[in-house]
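Source file: upload37.cif (mmCIF, C-alpha atoms and all ligand atoms)
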```cif
data_structure
#
loop_
_atom_site.label_atom_id
_atom_site.label_comp_id
_atom_site.auth_asym_id
_atom_site.auth_seq_id
_atom_site.Cartn_x
_atom_site.Cartn_y
_atom_site.Cartn_z
CA LEU L 834 -44.74 -224.21 114.78
CA PRO L 835 -45.15 -224.04 110.98
CA SER L 836 -45.13 -220.48 109.62
CA GLN L 837 -48.83 -220.53 108.67
CA LEU L 838 -49.75 -221.32 112.28
CA VAL L 839 -47.38 -218.69 113.63
CA ALA L 840 -49.05 -216.17 111.33
CA ALA L 841 -52.51 -217.18 112.54
CA LYS L 842 -51.69 -217.30 116.26
CA PRO L 843 -52.72 -213.65 116.88
CA ILE L 844 -56.25 -214.69 115.88
CA LEU L 845 -56.38 -217.32 118.60
CA ASP L 846 -54.91 -214.81 121.08
CA LYS L 847 -57.54 -212.22 120.23
CA ILE L 848 -60.40 -214.68 120.71
CA ASN L 849 -58.85 -215.87 123.99
CA GLU L 850 -58.49 -212.26 125.21
CA ALA L 851 -62.19 -211.74 124.54
CA GLY L 852 -62.87 -214.62 126.93
CA TYR L 853 -63.52 -217.51 124.55
CA GLU L 854 -61.63 -220.66 123.65
CA ALA L 855 -60.01 -221.05 120.24
CA TYR L 856 -57.88 -223.80 118.70
CA PHE L 857 -56.36 -224.89 115.46
CA VAL L 858 -58.22 -228.04 114.44
CA GLY L 859 -58.45 -230.75 111.80
CA GLY L 860 -56.02 -231.37 108.97
CA CYS L 861 -53.58 -228.59 109.83
CA VAL L 862 -52.76 -230.07 113.25
CA ARG L 863 -52.38 -233.56 111.77
CA ASP L 864 -50.10 -232.27 109.02
CA MET L 865 -48.08 -230.20 111.48
CA ILE L 866 -47.39 -233.26 113.63
CA LEU L 867 -46.48 -235.27 110.53
CA GLU L 868 -44.28 -232.38 109.41
CA GLU L 869 -46.17 -232.30 106.12
CA PRO L 870 -47.03 -229.04 104.33
CA LEU L 871 -50.30 -227.49 105.58
CA HIS L 872 -53.22 -226.74 103.27
CA ASP L 873 -55.79 -224.64 105.06
CA VAL L 874 -55.63 -223.44 108.62
CA ASP L 875 -58.95 -224.18 110.34
CA ILE L 876 -59.88 -222.63 113.65
CA ALA L 877 -62.61 -223.79 116.04
CA SER L 878 -63.94 -221.64 118.86
CA SER L 879 -66.42 -221.59 121.70
CA ALA L 880 -67.52 -218.13 120.51
CA TYR L 881 -70.72 -218.01 118.47
CA PRO L 882 -70.56 -216.49 114.98
CA GLU L 883 -72.01 -213.14 116.17
CA GLU L 884 -69.43 -213.05 118.96
CA ILE L 885 -66.59 -213.66 116.46
CA LYS L 886 -67.92 -210.85 114.30
CA ALA L 887 -67.90 -208.53 117.29
CA ILE L 888 -64.22 -209.32 118.01
CA PHE L 889 -62.80 -208.71 114.51
CA ASP L 890 -63.05 -205.69 112.20
CA LYS L 891 -63.17 -207.53 108.91
CA THR L 892 -65.26 -210.68 108.57
CA VAL L 893 -67.19 -212.43 105.83
CA ASP L 894 -70.17 -214.75 106.36
CA THR L 895 -68.88 -217.75 104.40
CA GLY L 896 -70.98 -220.43 106.07
CA ILE L 897 -72.86 -218.83 108.88
CA GLN L 898 -75.55 -221.55 108.97
CA HIS L 899 -72.80 -224.08 109.85
CA GLY L 900 -71.24 -221.62 112.24
CA THR L 901 -68.36 -220.52 110.03
CA VAL L 902 -67.17 -216.94 109.77
CA MET L 903 -64.12 -215.88 107.80
CA VAL L 904 -61.82 -213.41 109.48
CA LEU L 905 -59.60 -211.31 107.22
CA ASP L 906 -56.20 -210.56 108.68
CA HIS L 907 -52.93 -209.38 107.06
CA GLY L 908 -54.34 -210.32 103.64
CA GLU L 909 -55.23 -213.85 104.72
CA GLY L 910 -58.67 -215.32 105.32
CA TYR L 911 -59.20 -217.64 108.29
CA GLU L 912 -62.32 -219.76 108.73
CA ILE L 913 -63.45 -219.80 112.31
CA THR L 914 -66.13 -222.35 113.11
CA THR L 915 -68.09 -222.42 116.33
CA PHE L 916 -67.82 -225.70 118.28
CA ARG L 917 -70.77 -227.74 117.17
CA THR L 918 -72.39 -231.12 117.29
CA GLU L 919 -74.33 -232.70 114.48
CA SER L 920 -77.43 -234.58 115.41
CA THR L 921 -79.73 -237.24 113.97
CA TYR L 922 -78.55 -238.24 110.55
CA THR L 923 -81.67 -239.72 108.98
CA ASP L 924 -80.43 -239.96 105.42
CA PHE L 925 -76.85 -241.25 105.83
CA ARG L 926 -75.39 -238.03 104.58
CA ARG L 927 -76.12 -234.76 106.29
CA PRO L 928 -76.95 -233.94 109.84
CA ASP L 929 -80.54 -232.82 110.27
CA SER L 930 -79.35 -230.01 112.45
CA VAL L 931 -76.19 -228.38 113.67
CA THR L 932 -76.10 -227.32 117.29
CA PHE L 933 -73.54 -224.85 118.59
CA VAL L 934 -71.90 -225.91 121.82
CA ARG L 935 -69.33 -224.37 124.14
CA SER L 936 -67.27 -227.52 124.61
CA LEU L 937 -64.24 -228.47 122.54
CA SER L 938 -64.63 -232.16 123.30
CA GLU L 939 -68.14 -232.23 121.81
CA ASP L 940 -66.76 -230.69 118.64
CA LEU L 941 -63.85 -233.11 118.39
CA LYS L 942 -66.17 -236.09 118.96
CA ARG L 943 -68.10 -235.41 115.75
CA ARG L 944 -64.95 -235.56 113.60
CA ASP L 945 -64.34 -238.55 111.36
CA PHE L 946 -60.96 -240.05 112.26
CA THR L 947 -58.71 -239.82 115.30
CA ILE L 948 -55.92 -238.25 113.25
CA ASN L 949 -58.36 -235.55 112.12
CA ALA L 950 -59.60 -234.86 115.63
CA PHE L 951 -56.66 -233.05 117.20
CA ALA L 952 -56.80 -229.51 118.50
CA LEU L 953 -53.82 -227.24 119.08
CA ASP L 954 -54.03 -224.33 121.52
CA ALA L 955 -52.33 -220.93 121.32
CA ASP L 956 -49.44 -222.21 123.45
CA GLY L 957 -48.73 -225.03 121.00
CA ARG L 958 -50.20 -227.81 123.16
CA VAL L 959 -51.82 -230.68 121.26
CA ILE L 960 -55.18 -231.88 122.60
CA ASP L 961 -55.61 -235.52 121.69
CA LEU L 962 -58.80 -236.97 123.16
CA PHE L 963 -58.99 -240.13 121.06
CA ASP L 964 -55.41 -241.39 121.01
CA GLY L 965 -54.79 -240.01 117.54
CA LEU L 966 -51.09 -239.61 118.31
CA SER L 967 -50.66 -243.34 118.71
CA ASP L 968 -52.63 -243.92 115.50
CA LEU L 969 -50.25 -241.55 113.74
CA LYS L 970 -47.35 -243.63 115.06
CA LYS L 971 -49.06 -246.84 113.93
CA LYS L 972 -49.83 -245.16 110.63
CA GLN L 973 -53.47 -246.08 110.80
CA ILE L 974 -56.86 -244.55 110.05
CA ARG L 975 -59.28 -245.20 112.91
CA ALA L 976 -62.79 -243.81 113.29
CA VAL L 977 -63.54 -241.63 116.30
CA GLY L 978 -65.87 -243.64 118.51
CA ASN L 979 -67.93 -246.52 117.15
CA PRO L 980 -67.04 -246.91 113.46
CA LYS L 981 -70.37 -248.47 112.48
CA GLU L 982 -72.24 -245.55 114.03
CA ARG L 983 -69.95 -243.02 112.42
CA PHE L 984 -70.30 -244.50 108.92
CA THR L 985 -74.05 -244.83 109.39
CA GLU L 986 -74.27 -241.14 110.30
CA ASP L 987 -72.34 -240.11 107.20
CA ALA L 988 -71.46 -242.65 104.51
CA LEU L 989 -69.06 -240.23 102.81
CA ARG L 990 -66.64 -240.96 105.66
CA MET L 991 -66.08 -244.38 104.04
CA MET L 992 -64.59 -242.69 100.99
CA ARG L 993 -62.63 -240.36 103.22
CA ALA L 994 -61.07 -243.32 105.05
CA PHE L 995 -59.48 -244.51 101.81
CA ARG L 996 -58.67 -240.99 100.71
CA PHE L 997 -56.60 -240.38 103.84
CA ALA L 998 -55.07 -243.87 103.62
CA SER L 999 -53.88 -242.93 100.14
CA LYS L 1000 -52.76 -239.41 101.01
CA LEU L 1001 -50.76 -240.50 104.05
CA GLY L 1002 -49.76 -244.04 103.15
CA PHE L 1003 -51.66 -245.37 106.19
CA SER L 1004 -53.60 -248.59 106.66
CA ILE L 1005 -57.12 -248.80 108.04
CA GLU L 1006 -57.56 -250.11 111.57
CA GLU L 1007 -59.37 -253.42 111.90
CA ALA L 1008 -62.69 -252.43 113.48
CA THR L 1009 -62.91 -249.46 111.12
CA LEU L 1010 -62.28 -251.77 108.16
CA GLU L 1011 -64.91 -254.21 109.40
CA ALA L 1012 -67.46 -251.39 109.59
CA LEU L 1013 -66.52 -250.31 106.07
CA THR L 1014 -67.25 -253.80 104.79
CA ALA L 1015 -70.57 -253.96 106.58
CA LEU L 1016 -71.80 -250.52 105.58
CA ALA L 1017 -70.41 -250.15 102.05
CA PRO L 1018 -73.91 -250.21 100.46
CA ASN L 1019 -74.75 -246.92 102.19
CA LEU L 1020 -72.38 -245.16 99.81
CA GLU L 1021 -75.25 -245.19 97.31
CA LYS L 1022 -76.95 -242.49 99.37
CA ILE L 1023 -74.12 -240.04 98.82
CA ALA L 1024 -74.21 -237.41 96.09
CA VAL L 1025 -72.01 -238.29 93.12
CA GLU L 1026 -70.15 -234.98 93.30
CA ARG L 1027 -68.97 -235.67 96.83
CA ILE L 1028 -67.82 -239.20 95.97
CA GLN L 1029 -66.04 -237.79 92.94
CA VAL L 1030 -63.98 -235.35 95.01
CA GLU L 1031 -62.85 -238.01 97.46
CA PHE L 1032 -62.09 -240.53 94.71
CA GLU L 1033 -59.97 -237.95 92.90
CA LYS L 1034 -57.99 -237.23 96.05
CA LEU L 1035 -57.55 -240.96 96.58
CA LEU L 1036 -56.20 -241.48 93.06
CA MET L 1037 -53.81 -238.53 93.42
CA GLY L 1038 -52.42 -239.75 96.75
CA GLN L 1039 -48.95 -241.16 97.35
CA ALA L 1040 -50.32 -244.58 98.34
CA ALA L 1041 -53.19 -244.86 95.87
CA ALA L 1042 -52.27 -248.44 94.98
CA SER L 1043 -52.69 -249.88 98.46
CA ALA L 1044 -55.77 -247.73 99.14
CA LEU L 1045 -57.39 -249.10 95.95
CA GLU L 1046 -56.52 -252.67 96.88
CA SER L 1047 -57.96 -252.18 100.33
CA MET L 1048 -61.09 -250.65 98.78
CA VAL L 1049 -61.49 -253.69 96.53
CA SER L 1050 -61.23 -255.95 99.55
CA VAL L 1051 -64.16 -254.24 101.29
CA GLY L 1052 -66.22 -254.03 98.09
CA LEU L 1053 -66.90 -250.30 98.22
CA PHE L 1054 -66.57 -249.92 94.44
CA ALA L 1055 -69.77 -251.80 93.85
CA TYR L 1056 -71.59 -248.71 95.16
CA PHE L 1057 -69.83 -246.19 92.97
CA PRO L 1058 -71.91 -244.10 90.54
CA GLY L 1059 -73.32 -245.81 87.45
CA THR L 1060 -72.81 -249.38 86.32
CA ILE L 1061 -69.71 -249.24 84.14
CA GLY L 1062 -66.07 -249.93 84.93
CA LYS L 1063 -66.73 -251.15 88.44
CA GLU L 1064 -65.03 -254.54 88.08
CA ASP L 1065 -62.48 -255.39 90.78
CA GLY L 1066 -60.04 -256.35 88.04
CA HIS L 1067 -60.03 -252.84 86.66
CA PHE L 1068 -59.31 -251.28 90.04
CA LEU L 1069 -56.53 -253.77 90.68
CA GLU L 1070 -55.10 -252.94 87.27
CA MET L 1071 -55.24 -249.24 88.21
CA ALA L 1072 -53.54 -250.07 91.50
CA GLY L 1073 -50.74 -251.74 89.56
CA TRP L 1074 -50.29 -248.64 87.41
CA LEU L 1075 -50.40 -246.20 90.31
CA ALA L 1076 -47.98 -248.26 92.39
CA LYS L 1077 -45.11 -247.06 90.25
CA LYS L 1078 -45.87 -243.37 89.89
CA GLN L 1079 -48.15 -240.70 91.29
CA PRO L 1080 -50.32 -238.98 88.66
CA THR L 1081 -50.04 -235.22 88.38
CA SER L 1082 -53.48 -234.04 87.29
CA LEU L 1083 -57.20 -234.80 87.24
CA PRO L 1084 -57.34 -235.25 83.44
CA VAL L 1085 -54.67 -237.91 83.89
CA VAL L 1086 -56.51 -239.84 86.60
CA TRP L 1087 -59.89 -239.77 84.82
CA THR L 1088 -58.34 -240.77 81.54
CA LEU L 1089 -56.52 -243.59 83.28
CA TYR L 1090 -59.73 -244.74 84.94
CA LEU L 1091 -62.29 -244.35 82.12
CA ALA L 1092 -60.35 -244.25 78.85
CA THR L 1093 -58.51 -247.53 79.45
CA LEU L 1094 -61.72 -249.58 79.53
CA PRO L 1095 -62.78 -251.30 76.31
CA LEU L 1096 -66.07 -249.39 75.95
CA SER L 1097 -68.21 -248.32 73.04
CA THR L 1098 -68.56 -244.57 72.62
CA GLY L 1099 -72.09 -244.74 74.01
CA LYS L 1100 -71.07 -246.73 77.07
CA ARG L 1101 -68.16 -244.44 77.76
CA GLN L 1102 -70.46 -241.45 77.54
CA GLU L 1103 -72.80 -243.14 80.01
CA ALA L 1104 -69.93 -243.77 82.42
CA LEU L 1105 -68.76 -240.16 82.17
CA ARG L 1106 -72.27 -238.86 82.78
CA SER L 1107 -72.80 -241.09 85.77
CA TRP L 1108 -69.74 -239.48 87.39
CA LYS L 1109 -71.05 -236.00 86.52
CA LEU L 1110 -67.64 -234.91 85.31
CA SER L 1111 -67.08 -231.43 83.91
CA ARG L 1112 -67.54 -230.99 80.16
CA GLU L 1113 -63.84 -230.44 79.77
CA LEU L 1114 -62.88 -233.67 81.54
CA MET L 1115 -65.48 -235.60 79.53
CA ALA L 1116 -64.07 -234.22 76.28
CA THR L 1117 -60.54 -235.16 77.29
CA VAL L 1118 -61.47 -238.75 78.11
CA ASN L 1119 -63.56 -239.09 74.94
CA ARG L 1120 -60.76 -237.84 72.73
CA LEU L 1121 -58.02 -239.89 74.33
CA ALA L 1122 -59.89 -243.19 74.69
CA PRO L 1123 -59.65 -244.20 70.99
CA MET L 1124 -55.98 -243.19 70.96
CA ILE L 1125 -55.24 -245.34 73.97
CA ALA L 1126 -57.02 -248.25 72.32
CA LYS L 1127 -54.72 -248.06 69.28
CA ARG L 1128 -51.65 -246.79 71.08
CA ASP L 1129 -49.27 -249.11 69.25
CA GLU L 1130 -50.33 -247.99 65.79
CA LEU L 1131 -50.85 -244.27 66.02
CA SER L 1132 -50.61 -242.27 62.82
CA VAL L 1133 -49.22 -238.77 62.66
CA TRP L 1134 -52.79 -237.62 62.01
CA ASP L 1135 -53.97 -239.27 65.24
CA LEU L 1136 -51.30 -237.44 67.19
CA TYR L 1137 -52.19 -234.18 65.47
CA GLN L 1138 -55.81 -234.67 66.60
CA VAL L 1139 -54.85 -234.87 70.28
CA ASN L 1140 -51.89 -232.56 70.11
CA ASP L 1141 -53.29 -230.16 72.73
CA LEU L 1142 -53.64 -233.12 75.13
CA ALA L 1143 -50.14 -234.45 74.45
CA ASP L 1144 -48.89 -234.08 78.02
CA THR L 1145 -51.91 -235.83 79.52
CA PHE L 1146 -51.78 -238.57 76.91
CA LEU L 1147 -48.06 -239.22 77.36
CA GLU L 1148 -48.42 -239.35 81.13
CA VAL L 1149 -51.26 -241.87 80.89
CA LEU L 1150 -49.28 -244.08 78.49
CA ASP L 1151 -46.33 -243.89 80.84
CA LEU L 1152 -48.46 -244.86 83.86
CA MET L 1153 -49.87 -247.76 81.84
CA GLY L 1154 -46.35 -249.05 81.54
CA MET L 1155 -45.73 -248.39 77.88
CA GLU L 1156 -42.25 -249.48 76.88
CA GLN L 1157 -39.82 -246.55 77.13
CA SER L 1158 -38.64 -246.68 73.52
CA VAL L 1159 -42.21 -246.67 72.18
CA HIS L 1160 -43.16 -243.88 74.58
CA LEU L 1161 -40.19 -241.83 73.48
CA SER L 1162 -40.99 -242.25 69.82
CA ILE L 1163 -44.55 -241.00 70.39
CA LYS L 1164 -43.19 -238.05 72.32
CA GLU L 1165 -40.81 -237.26 69.47
CA LYS L 1166 -43.63 -237.50 66.93
CA PHE L 1167 -45.63 -234.94 68.89
CA ALA L 1168 -42.65 -232.61 68.94
CA ALA L 1169 -42.02 -233.11 65.23
CA LEU L 1170 -45.54 -232.22 64.05
CA PRO L 1171 -45.11 -229.57 61.34
CA ILE L 1172 -48.16 -227.66 62.61
CA HIS L 1173 -50.22 -227.97 65.76
CA SER L 1174 -53.55 -226.68 64.48
CA ALA L 1175 -55.12 -225.32 61.27
CA LYS L 1176 -54.27 -221.86 62.55
CA ASP L 1177 -50.59 -222.64 62.00
CA LEU L 1178 -51.04 -222.97 58.22
CA ALA L 1179 -49.03 -220.32 56.35
CA VAL L 1180 -52.19 -219.12 54.59
CA ASN L 1181 -55.80 -218.80 55.72
CA GLY L 1182 -59.12 -218.84 53.89
CA GLY L 1183 -59.30 -215.07 53.52
CA GLU L 1184 -55.87 -214.92 51.91
CA LEU L 1185 -56.74 -217.70 49.48
CA ILE L 1186 -59.88 -215.82 48.41
CA ARG L 1187 -58.15 -212.45 48.12
CA SER L 1188 -55.37 -213.95 46.02
CA GLY L 1189 -57.95 -215.52 43.73
CA PHE L 1190 -57.03 -219.14 44.49
CA ALA L 1191 -60.41 -220.02 45.99
CA LYS L 1192 -63.98 -218.84 46.32
CA PRO L 1193 -65.98 -218.70 49.51
CA GLY L 1194 -68.04 -221.85 50.09
CA PRO L 1195 -67.71 -225.53 50.98
CA ALA L 1196 -64.94 -226.09 48.42
CA LEU L 1197 -62.72 -223.72 50.36
CA GLY L 1198 -63.26 -225.75 53.53
CA ARG L 1199 -62.28 -228.93 51.70
CA LEU L 1200 -59.21 -227.28 50.24
CA LEU L 1201 -58.02 -226.05 53.62
CA HIS L 1202 -58.56 -229.49 55.09
CA GLU L 1203 -56.55 -231.12 52.30
CA MET L 1204 -53.75 -228.62 52.86
CA GLU L 1205 -53.81 -229.29 56.58
CA GLU L 1206 -53.56 -233.04 56.03
CA ALA L 1207 -50.79 -232.73 53.43
CA VAL L 1208 -48.78 -230.46 55.72
CA VAL L 1209 -49.28 -232.71 58.78
CA PHE L 1210 -48.14 -235.79 56.83
CA GLY L 1211 -45.13 -233.87 55.51
CA ARG L 1212 -46.21 -234.05 51.86
CA LEU L 1213 -46.50 -230.28 51.62
CA GLU L 1214 -44.24 -227.57 52.93
CA ASN L 1215 -45.93 -225.04 55.18
CA THR L 1216 -44.97 -221.91 53.26
CA GLN L 1217 -47.24 -219.39 51.57
CA LYS L 1218 -45.76 -220.22 48.16
CA ALA L 1219 -46.16 -223.99 48.52
CA LEU L 1220 -49.74 -223.59 49.75
CA PHE L 1221 -50.69 -221.21 46.94
CA ASP L 1222 -49.20 -223.65 44.40
CA PHE L 1223 -51.18 -226.46 46.00
CA ALA L 1224 -54.37 -224.37 45.70
CA LYS L 1225 -53.63 -223.53 42.07
CA GLU L 1226 -53.30 -227.21 41.24
CA ALA L 1227 -56.47 -228.08 43.09
CA GLU L 1228 -58.48 -225.56 41.07
P1 LIG O 1 -56.98 -231.86 103.65
O1 LIG O 1 -55.62 -231.48 104.07
O2 LIG O 1 -57.00 -232.86 102.56
O3 LIG O 1 -57.90 -230.68 103.40
P2 LIG O 1 -58.49 -232.14 106.08
O4 LIG O 1 -58.26 -233.02 107.26
O5 LIG O 1 -58.37 -230.67 106.27
O6 LIG O 1 -57.56 -232.66 104.92
P3 LIG O 1 -61.17 -231.60 105.19
O7 LIG O 1 -62.03 -232.41 104.28
O8 LIG O 1 -60.71 -230.27 104.75
O9 LIG O 1 -59.93 -232.52 105.57
O10 LIG O 1 -61.95 -231.48 106.57
C1 LIG O 1 -61.47 -230.71 107.67
C2 LIG O 1 -61.77 -231.41 108.98
O11 LIG O 1 -63.19 -231.48 109.18
C3 LIG O 1 -61.29 -232.86 109.03
O12 LIG O 1 -59.95 -232.93 109.47
C4 LIG O 1 -62.27 -233.47 110.02
O13 LIG O 1 -61.90 -233.19 111.34
C5 LIG O 1 -63.57 -232.73 109.74
N1 LIG O 1 -64.44 -233.40 108.75
C6 LIG O 1 -64.53 -233.14 107.42
N2 LIG O 1 -65.45 -233.91 106.83
C7 LIG O 1 -65.98 -234.68 107.79
C8 LIG O 1 -67.00 -235.68 107.81
N3 LIG O 1 -67.64 -236.06 106.70
N4 LIG O 1 -67.28 -236.26 109.00
C9 LIG O 1 -66.63 -235.89 110.13
N5 LIG O 1 -65.67 -234.96 110.18
C10 LIG O 1 -65.34 -234.35 109.03
MG MG O 2 -58.87 -229.21 104.71
#
```
Do you think you could lay out the structure here as structure tokens?
Amino acid sequence: LPSQLVAAKPILDKINEAGYEAYFVGGCVRDMILEEPLHDVDIASSAYPEEIKAIFDKTVDTGIQHGTVMVLDHGEGYEITTFRTESTYTDFRRPDSVTFVRSLSEDLKRRDFTINAFALDADGRVIDLFDGLSDLKKKQIRAVGNPKERFTEDALRMMRAFRFASKLGFSIEEATLEALTALAPNLEKIAVERIQVEFEKLLMGQAAASALESMVSVGLFAYFPGTIGKEDGHFLEMAGWLAKKQPTSLPVVWTLYLATLPLSTGKRQEALRSWKLSRELMATVNRLAPMIAKRDELSVWDLYQVNDLADTFLEVLDLMGMEQSVHLSIKEKFAALPIHSAKDLAVNGGELIRSGFAKPGPALGRLLHEMEEAVVFGRLENTQKALFDFAKEAE
């Protein structure tokens, strides 16, 4: 048993001793079987939330309306969710109601894919009601039950299918893939933020290239947010880039996706808004897009402008297959910048005024900017003396 599960076993034991069932469920059991590192340890139980709270001293109501209580134990928090079923999805996204049940099998039945529907009991026995173990062997993603029904209940599961395909390097089983093709338009009903999270995980996965190709083949992209950048060709291009290397951050994946398109500033802004990205991510993409467009003729000033994003920029250029020698020379130019921001200048506005080389006002701003440019281009040494001399001459 992985150490995180060993550490959490006393929780299962305590619930069992109180007369209820409790199991490890979901991703942690899948990852344990695959011998992959575990993220979060999720526990499901026949005990109702109030019953869980009666068993443990320290609990927090993290999602009581869904049946989730967090138990605090040896400095760790464990989410314990009451077995539940989800009934009548009328809007393709959220169950109209959650019903607590006492049966494990009912709870496992509502889960999305067979490899996500395992349970593990306190004695380390795997409960596999839907043949998930053989899907793990076949390296395939298969919906629990009737795939068309499952994707109709919750269209987000279609994104999740590709997300797990990418994360695990699995393919998607035939009937599941057929349902994806048939029901792709339902993705439009899903909130942008939820699509965004799954898409990000897909792009960060080890097998993003094949997951993207498979996604193109079922046409799911057509139902992505907004209207821009959704051409198959662009996703296939991305797949080509991601086939060689796995990206390391969200700024990298969004820049790769949205800053490599030939868009006007207005169109790019529209695309960024349609994805509801954070301000910070939007700013990164907006600043790097023009630099990517002119990547073969970047001036020192250009590099100075995006200096704080150098790592992201270099990673994107590398993923895009920039020739090594060109990539290296850009990297060296970043490193060789004489200053990295106006703050690095050897004098500041206050000093210039106090020394009598400038007066407060717009002229001072212009002077500082000229100094900054001259220093960045290497025409002016960044020392107090050289800068004062420069100011004297400018007077
Ligand atoms: P990760 O390691 O990436 O967190 P995970 O399997 O834990 O993977 P989560 O999104 O954290 O994935 O979900 C936890 C579990 O809840 C899943 O394994 C699955 O059993 C169930 N689940 C989550 N979302 C859905 C959904 N939309 N439909 C059905 N079951 C779901
Ligand atoms: Mg999880």
Residues within 8 Å of ligand LIG 1 (chain O) should be enumerated using all atoms listed in the file and returned as a ChimeraX atom specification.
/L:858-861,863-864,871-873,875,941,943-946,948-951,987-990,993,997,1000,1034
Find the smallest box with edges along x, y and z containing every listed atom of stretch 966-973 of chain L, then add 8 Å on each side and report centre and edge lengths in Å to one decimal, as JSON.
```
{"center_x": -50.4, "center_y": -243.2, "center_z": 114.7, "size_x": 22.1, "size_y": 23.2, "size_z": 24.1}
```
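With only C-alpha atoms as the basis for measurement, L:His899 is the residue among L:His1067, L:His899, L:Lys1176, L:Arg958 that approaches L:Thr932 most closely.
For the pair atom CA of L:Pro1084 and atom CA of L:Leu1114, the separation is 6.1 Å.
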For L:Glu1011, work out the shell of residues within 9 Å, counting all atoms listed in the file and skipping chain neighbours fewer than 3 positions away, then give it as a PyMOL selection string.
chain L and resi 980-981+1006-1008+1014-1016+1051
